[in-house]
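In what follows, a single structure is set out as structure tokens and then discussed.
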Amino acid sequence: FAIAVPAADHPAVAGVDRVVSNHATGLAHKELSPVLRVRDGDGGDGALLALAGAVGKGRLLAVGDSSLVINSMLRYPGNRLFVRNVLNYALEDDQ
């Protein structure tokens, strides 16, 4: 399992120290901000697991591992908190 850590200060990772991924895919997009990062074994930057940004009046959060929300992955406290934060972030009213 690859371990992802917060890549920036974002509501989705508030209070999260790490997220355990299962079938992770690295993401890249020049207009989206990093949210979660999997470091490489050499201490380098590694790959981004989650990115966020604004799209019109909406929000976009892309995560490179859909298995984070399955029951067996929610046993990890960081995963549970990340999923809870993502739901709260999605439901916030920006008005």
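Starting from 1 in every chain, residues are counted up; chains themselves are A, B, ... following the order of the structure tokens, and ligands are numbered from 1 as listed.
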
Residues of region 10-30 of chain A at most 6 Å from region 71-79 of chain A: nearest atom pair and distance in Å, only C-alpha atoms, as CSV:
```
residue,atom,partner,partner_atom,distance
A:Val16,CA,A:Gly78,CA,5.3
A:Arg18,CA,A:Gly78,CA,5.4
A:Val19,CA,A:Gly78,CA,5.1
```

Contacts of Leu61 (chain A) at 8 Å or less, counting only C-alpha atoms, minus same-chain residues fewer than 5 places along, as an NGL selection string? :A and (50-53)

Quick one: write out the picked residues with all heavy atoms as a PDB file, in the first residue's frame?
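Printed below is again.pdb as written:
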```
ATOM      1  N   ALA A  50      -4.084  13.308  -5.165  1.00  0.00           N
ATOM      2  CA  ALA A  50      -5.316  14.092  -5.211  1.00  0.00           C
ATOM      3  C   ALA A  50      -4.998  15.528  -5.598  1.00  0.00           C
ATOM      4  O   ALA A  50      -3.998  16.096  -5.167  1.00  0.00           O
ATOM      5  CB  ALA A  50      -6.034  14.060  -3.862  1.00  0.00           C
ATOM      6  N   LEU A  51      -5.885  16.107  -6.420  1.00  0.00           N
ATOM      7  CA  LEU A  51      -5.772  17.485  -6.901  1.00  0.00           C
ATOM      8  C   LEU A  51      -7.112  18.172  -6.727  1.00  0.00           C
ATOM      9  O   LEU A  51      -8.161  17.530  -6.777  1.00  0.00           O
ATOM     10  CB  LEU A  51      -5.409  17.501  -8.393  1.00  0.00           C
ATOM     11  CG  LEU A  51      -4.123  16.814  -8.810  1.00  0.00           C
ATOM     12  CD1 LEU A  51      -4.078  16.679 -10.327  1.00  0.00           C
ATOM     13  CD2 LEU A  51      -2.936  17.593  -8.307  1.00  0.00           C
ATOM     14  N   ALA A  52      -7.093  19.495  -6.552  1.00  0.00           N
ATOM     15  CA  ALA A  52      -8.339  20.241  -6.375  1.00  0.00           C
ATOM     16  C   ALA A  52      -8.275  21.549  -7.141  1.00  0.00           C
ATOM     17  O   ALA A  52      -7.191  22.086  -7.411  1.00  0.00           O
ATOM     18  CB  ALA A  52      -8.584  20.527  -4.890  1.00  0.00           C
ATOM     19  N   GLY A  53      -9.453  22.056  -7.459  1.00  0.00           N
ATOM     20  CA  GLY A  53      -9.536  23.347  -8.117  1.00  0.00           C
ATOM     21  C   GLY A  53     -10.975  23.783  -8.282  1.00  0.00           C
ATOM     22  O   GLY A  53     -11.908  23.026  -8.008  1.00  0.00           O
TER      23      GLY A  53
END
```

Using backbone DSSP assignments, extract all strand (DSSP E or B) residues from region 2-88 of chain A; output them as a VMD selection string. chain A and resid 3 to 6 19 to 20 27 33 to 38 47 to 55 58 to 63

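Residue nearest Leu27 (chain A) within the list A:Gly46, A:Pro6, A:Gly64, A:Gly56: A:Gly64 [criterion: smallest interatomic distance, only C-alpha atoms].
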
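Taking CA of Leu60 (chain A) as the reference point, CA of Asp17 (chain A) is found at 21.9 Å.
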
Report as a PDB file with all heavy atoms, in the first residue's frame all protein, DNA and RNA residues lying within 12 Å of Asn88 (chain A), evaluated on only C-alpha atoms, omitting residues in the same chain fewer than 4 positions from it.
```pdb
ATOM      1  N   PRO A  11      -9.068  21.928   2.817  1.00  0.00           N
ATOM      2  CA  PRO A  11     -10.098  21.384   3.709  1.00  0.00           C
ATOM      3  C   PRO A  11     -10.217  19.855   3.659  1.00  0.00           C
ATOM      4  O   PRO A  11     -10.564  19.232   4.659  1.00  0.00           O
ATOM      5  CB  PRO A  11     -11.391  22.041   3.225  1.00  0.00           C
ATOM      6  CG  PRO A  11     -10.960  23.284   2.536  1.00  0.00           C
ATOM      7  CD  PRO A  11      -9.610  22.994   1.950  1.00  0.00           C
ATOM      8  N   ALA A  12      -9.905  19.240   2.540  1.00  0.00           N
ATOM      9  CA  ALA A  12     -10.034  17.782   2.418  1.00  0.00           C
ATOM     10  C   ALA A  12      -9.014  17.037   3.269  1.00  0.00           C
ATOM     11  O   ALA A  12      -9.232  15.876   3.614  1.00  0.00           O
ATOM     12  CB  ALA A  12      -9.892  17.362   0.953  1.00  0.00           C
ATOM     13  N   VAL A  13      -7.917  17.688   3.618  1.00  0.00           N
ATOM     14  CA  VAL A  13      -6.888  17.017   4.413  1.00  0.00           C
ATOM     15  C   VAL A  13      -6.733  17.626   5.810  1.00  0.00           C
ATOM     16  O   VAL A  13      -5.766  17.347   6.510  1.00  0.00           O
ATOM     17  CB  VAL A  13      -5.524  16.986   3.682  1.00  0.00           C
ATOM     18  CG1 VAL A  13      -5.593  16.067   2.480  1.00  0.00           C
ATOM     19  CG2 VAL A  13      -5.064  18.366   3.299  1.00  0.00           C
ATOM     20  N   ALA A  14      -7.700  18.411   6.233  1.00  0.00           N
ATOM     21  CA  ALA A  14      -7.650  19.012   7.575  1.00  0.00           C
ATOM     22  C   ALA A  14      -7.606  17.920   8.634  1.00  0.00           C
ATOM     23  O   ALA A  14      -8.483  17.051   8.696  1.00  0.00           O
ATOM     24  CB  ALA A  14      -8.855  19.919   7.802  1.00  0.00           C
ATOM     25  N   LEU A  81     -11.161  10.074   7.932  1.00  0.00           N
ATOM     26  CA  LEU A  81     -11.213  11.521   8.078  1.00  0.00           C
ATOM     27  C   LEU A  81     -11.157  12.209   6.720  1.00  0.00           C
ATOM     28  O   LEU A  81     -11.880  13.175   6.478  1.00  0.00           O
ATOM     29  CB  LEU A  81     -10.076  12.010   8.981  1.00  0.00           C
ATOM     30  CG  LEU A  81     -10.040  13.499   9.286  1.00  0.00           C
ATOM     31  CD1 LEU A  81     -11.372  13.985   9.864  1.00  0.00           C
ATOM     32  CD2 LEU A  81      -8.898  13.811  10.237  1.00  0.00           C
ATOM     33  N   PHE A  82     -10.325  11.717   5.811  1.00  0.00           N
ATOM     34  CA  PHE A  82     -10.242  12.293   4.469  1.00  0.00           C
ATOM     35  C   PHE A  82     -11.600  12.212   3.768  1.00  0.00           C
ATOM     36  O   PHE A  82     -12.078  13.199   3.216  1.00  0.00           O
ATOM     37  CB  PHE A  82      -9.171  11.580   3.637  1.00  0.00           C
ATOM     38  CG  PHE A  82      -9.080  12.055   2.220  1.00  0.00           C
ATOM     39  CD1 PHE A  82      -8.574  13.314   1.921  1.00  0.00           C
ATOM     40  CD2 PHE A  82      -9.500  11.251   1.178  1.00  0.00           C
ATOM     41  CE1 PHE A  82      -8.493  13.759   0.615  1.00  0.00           C
ATOM     42  CE2 PHE A  82      -9.419  11.682  -0.136  1.00  0.00           C
ATOM     43  CZ  PHE A  82      -8.910  12.938  -0.419  1.00  0.00           C
ATOM     44  N   VAL A  83     -12.243  11.045   3.805  1.00  0.00           N
ATOM     45  CA  VAL A  83     -13.549  10.882   3.158  1.00  0.00           C
ATOM     46  C   VAL A  83     -14.585  11.807   3.803  1.00  0.00           C
ATOM     47  O   VAL A  83     -15.368  12.468   3.109  1.00  0.00           O
ATOM     48  CB  VAL A  83     -13.999   9.403   3.191  1.00  0.00           C
ATOM     49  CG1 VAL A  83     -15.437   9.260   2.745  1.00  0.00           C
ATOM     50  CG2 VAL A  83     -13.071   8.567   2.324  1.00  0.00           C
ATOM     51  N   ARG A  84     -14.593  11.902   5.123  1.00  0.00           N
ATOM     52  CA  ARG A  84     -15.519  12.804   5.814  1.00  0.00           C
ATOM     53  C   ARG A  84     -15.265  14.254   5.391  1.00  0.00           C
ATOM     54  O   ARG A  84     -16.196  15.002   5.107  1.00  0.00           O
ATOM     55  CB  ARG A  84     -15.376  12.652   7.328  1.00  0.00           C
ATOM     56  CG  ARG A  84     -16.385  13.505   8.109  1.00  0.00           C
ATOM     57  CD  ARG A  84     -16.290  13.285   9.608  1.00  0.00           C
ATOM     58  NE  ARG A  84     -16.551  11.888   9.924  1.00  0.00           N
ATOM     59  CZ  ARG A  84     -15.770  11.129  10.688  1.00  0.00           C
ATOM     60  NH1 ARG A  84     -14.676  11.613  11.228  1.00  0.00           N
ATOM     61  NH2 ARG A  84     -16.081   9.881  10.941  1.00  0.00           N
ATOM     62  N   GLU A  92     -20.311  22.141   1.263  1.00  0.00           N
ATOM     63  CA  GLU A  92     -20.219  23.539   1.709  1.00  0.00           C
ATOM     64  C   GLU A  92     -20.894  24.461   0.697  1.00  0.00           C
ATOM     65  O   GLU A  92     -20.823  24.243  -0.507  1.00  0.00           O
ATOM     66  CB  GLU A  92     -18.747  23.968   1.845  1.00  0.00           C
ATOM     67  CG  GLU A  92     -18.087  23.478   3.074  1.00  0.00           C
ATOM     68  CD  GLU A  92     -16.636  23.933   3.145  1.00  0.00           C
ATOM     69  OE1 GLU A  92     -16.180  24.706   2.287  1.00  0.00           O
ATOM     70  OE2 GLU A  92     -15.948  23.478   4.071  1.00  0.00           O
ATOM     71  N   ASP A  93     -21.511  25.473   1.226  1.00  0.00           N
ATOM     72  CA  ASP A  93     -22.150  26.492   0.388  1.00  0.00           C
ATOM     73  C   ASP A  93     -21.238  27.708   0.328  1.00  0.00           C
ATOM     74  O   ASP A  93     -20.960  28.334   1.363  1.00  0.00           O
ATOM     75  CB  ASP A  93     -23.513  26.864   0.988  1.00  0.00           C
ATOM     76  CG  ASP A  93     -24.305  27.788   0.095  1.00  0.00           C
ATOM     77  OD1 ASP A  93     -23.844  28.122  -1.007  1.00  0.00           O
ATOM     78  OD2 ASP A  93     -25.403  28.177   0.522  1.00  0.00           O
TER      79      ASP A  93
END
```

Alpha helix (DSSP H) residues, from DSSP on the backbone, in chain A, as a count of residues only: 15

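Counting only C-alpha atoms, the residue from A:His10, A:Lys30, A:Thr25, A:Lys57 that sits nearest to Val86 (chain A) is A:His10.
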
Could you jot down the CA of Ala7 (chain A) to CA of Ser21 (chain A) separation for me, Å, one decimal place? 14.9 Å

Please, what distance in Å, to one decimal, runs between CA of Asp65 (chain A) and CA of Asn22 (chain A)? 7.0 Å

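Using only C-alpha atoms, the smallest distance between any of A:Asn85, A:Gly26, A:Arg80, A:Arg59 and Asp45 (chain A) comes from A:Gly26.
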
I'd like the neighbourhood of Ser66 (chain A) as a PDB file with all heavy atoms, in the first residue's frame, where a residue qualifies if any of its atoms comes within 9 Å (using only C-alpha atoms), though same-chain residues fewer than 2 positions away should be ignored.
```pdb
ATOM      1  N   ASN A  22      -4.721   2.008  -2.112  1.00  0.00           N
ATOM      2  CA  ASN A  22      -4.788   0.604  -2.471  1.00  0.00           C
ATOM      3  C   ASN A  22      -4.357   0.408  -3.922  1.00  0.00           C
ATOM      4  O   ASN A  22      -3.412  -0.306  -4.197  1.00  0.00           O
ATOM      5  CB  ASN A  22      -6.209   0.105  -2.244  1.00  0.00           C
ATOM      6  CG  ASN A  22      -6.354  -1.382  -2.391  1.00  0.00           C
ATOM      7  OD1 ASN A  22      -5.389  -2.103  -2.412  1.00  0.00           O
ATOM      8  ND2 ASN A  22      -7.578  -1.844  -2.505  1.00  0.00           N
ATOM      9  N   HIS A  23      -5.026   1.039  -4.839  1.00  0.00           N
ATOM     10  CA  HIS A  23      -4.723   0.955  -6.271  1.00  0.00           C
ATOM     11  C   HIS A  23      -4.521   2.367  -6.801  1.00  0.00           C
ATOM     12  O   HIS A  23      -5.290   2.854  -7.626  1.00  0.00           O
ATOM     13  CB  HIS A  23      -5.850   0.249  -7.023  1.00  0.00           C
ATOM     14  CG  HIS A  23      -6.039  -1.170  -6.609  1.00  0.00           C
ATOM     15  ND1 HIS A  23      -5.137  -2.153  -6.930  1.00  0.00           N
ATOM     16  CD2 HIS A  23      -7.007  -1.766  -5.881  1.00  0.00           C
ATOM     17  CE1 HIS A  23      -5.547  -3.299  -6.442  1.00  0.00           C
ATOM     18  NE2 HIS A  23      -6.672  -3.095  -5.791  1.00  0.00           N
ATOM     19  N   ALA A  24      -3.483   3.026  -6.330  1.00  0.00           N
ATOM     20  CA  ALA A  24      -3.268   4.445  -6.625  1.00  0.00           C
ATOM     21  C   ALA A  24      -2.740   4.678  -8.037  1.00  0.00           C
ATOM     22  O   ALA A  24      -1.980   3.880  -8.569  1.00  0.00           O
ATOM     23  CB  ALA A  24      -2.294   5.034  -5.614  1.00  0.00           C
ATOM     24  N   VAL A  63      -9.204  12.340  -7.320  1.00  0.00           N
ATOM     25  CA  VAL A  63      -8.425  11.431  -6.469  1.00  0.00           C
ATOM     26  C   VAL A  63      -8.070  10.209  -7.311  1.00  0.00           C
ATOM     27  O   VAL A  63      -8.949   9.594  -7.911  1.00  0.00           O
ATOM     28  CB  VAL A  63      -9.229  11.012  -5.211  1.00  0.00           C
ATOM     29  CG1 VAL A  63      -8.410  10.081  -4.349  1.00  0.00           C
ATOM     30  CG2 VAL A  63      -9.664  12.236  -4.423  1.00  0.00           C
ATOM     31  N   GLY A  64      -6.810   9.851  -7.319  1.00  0.00           N
ATOM     32  CA  GLY A  64      -6.326   8.755  -8.146  1.00  0.00           C
ATOM     33  C   GLY A  64      -6.464   7.383  -7.521  1.00  0.00           C
ATOM     34  O   GLY A  64      -5.685   6.490  -7.845  1.00  0.00           O
ATOM     35  N   LEU A  68     -10.346   4.274  -1.886  1.00  0.00           N
ATOM     36  CA  LEU A  68     -10.223   4.906  -0.568  1.00  0.00           C
ATOM     37  C   LEU A  68     -11.534   4.871   0.212  1.00  0.00           C
ATOM     38  O   LEU A  68     -11.524   4.909   1.430  1.00  0.00           O
ATOM     39  CB  LEU A  68      -9.763   6.361  -0.701  1.00  0.00           C
ATOM     40  CG  LEU A  68      -8.379   6.608  -1.272  1.00  0.00           C
ATOM     41  CD1 LEU A  68      -8.091   8.109  -1.294  1.00  0.00           C
ATOM     42  CD2 LEU A  68      -7.311   5.872  -0.507  1.00  0.00           C
ATOM     43  N   VAL A  69     -12.650   4.801  -0.510  1.00  0.00           N
ATOM     44  CA  VAL A  69     -13.957   4.876   0.155  1.00  0.00           C
ATOM     45  C   VAL A  69     -14.597   3.516   0.412  1.00  0.00           C
ATOM     46  O   VAL A  69     -15.705   3.458   0.936  1.00  0.00           O
ATOM     47  CB  VAL A  69     -14.937   5.766  -0.641  1.00  0.00           C
ATOM     48  CG1 VAL A  69     -14.405   7.168  -0.763  1.00  0.00           C
ATOM     49  CG2 VAL A  69     -15.212   5.179  -2.021  1.00  0.00           C
ATOM     50  N   ILE A  70     -13.921   2.424   0.071  1.00  0.00           N
ATOM     51  CA  ILE A  70     -14.525   1.115   0.333  1.00  0.00           C
ATOM     52  C   ILE A  70     -14.335   0.745   1.803  1.00  0.00           C
ATOM     53  O   ILE A  70     -13.416   1.219   2.465  1.00  0.00           O
ATOM     54  CB  ILE A  70     -13.962   0.012  -0.602  1.00  0.00           C
ATOM     55  CG1 ILE A  70     -12.475  -0.230  -0.363  1.00  0.00           C
ATOM     56  CG2 ILE A  70     -14.238   0.341  -2.062  1.00  0.00           C
ATOM     57  CD1 ILE A  70     -11.889  -1.389  -1.168  1.00  0.00           C
TER      58      ILE A  70
END
```

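The shortest atom-to-atom distance to Val35 (chain A), with only C-alpha atoms taken into account, belongs to A:Asp9 out of A:Ala47, A:Asp9, A:Ala54, A:Ile3.
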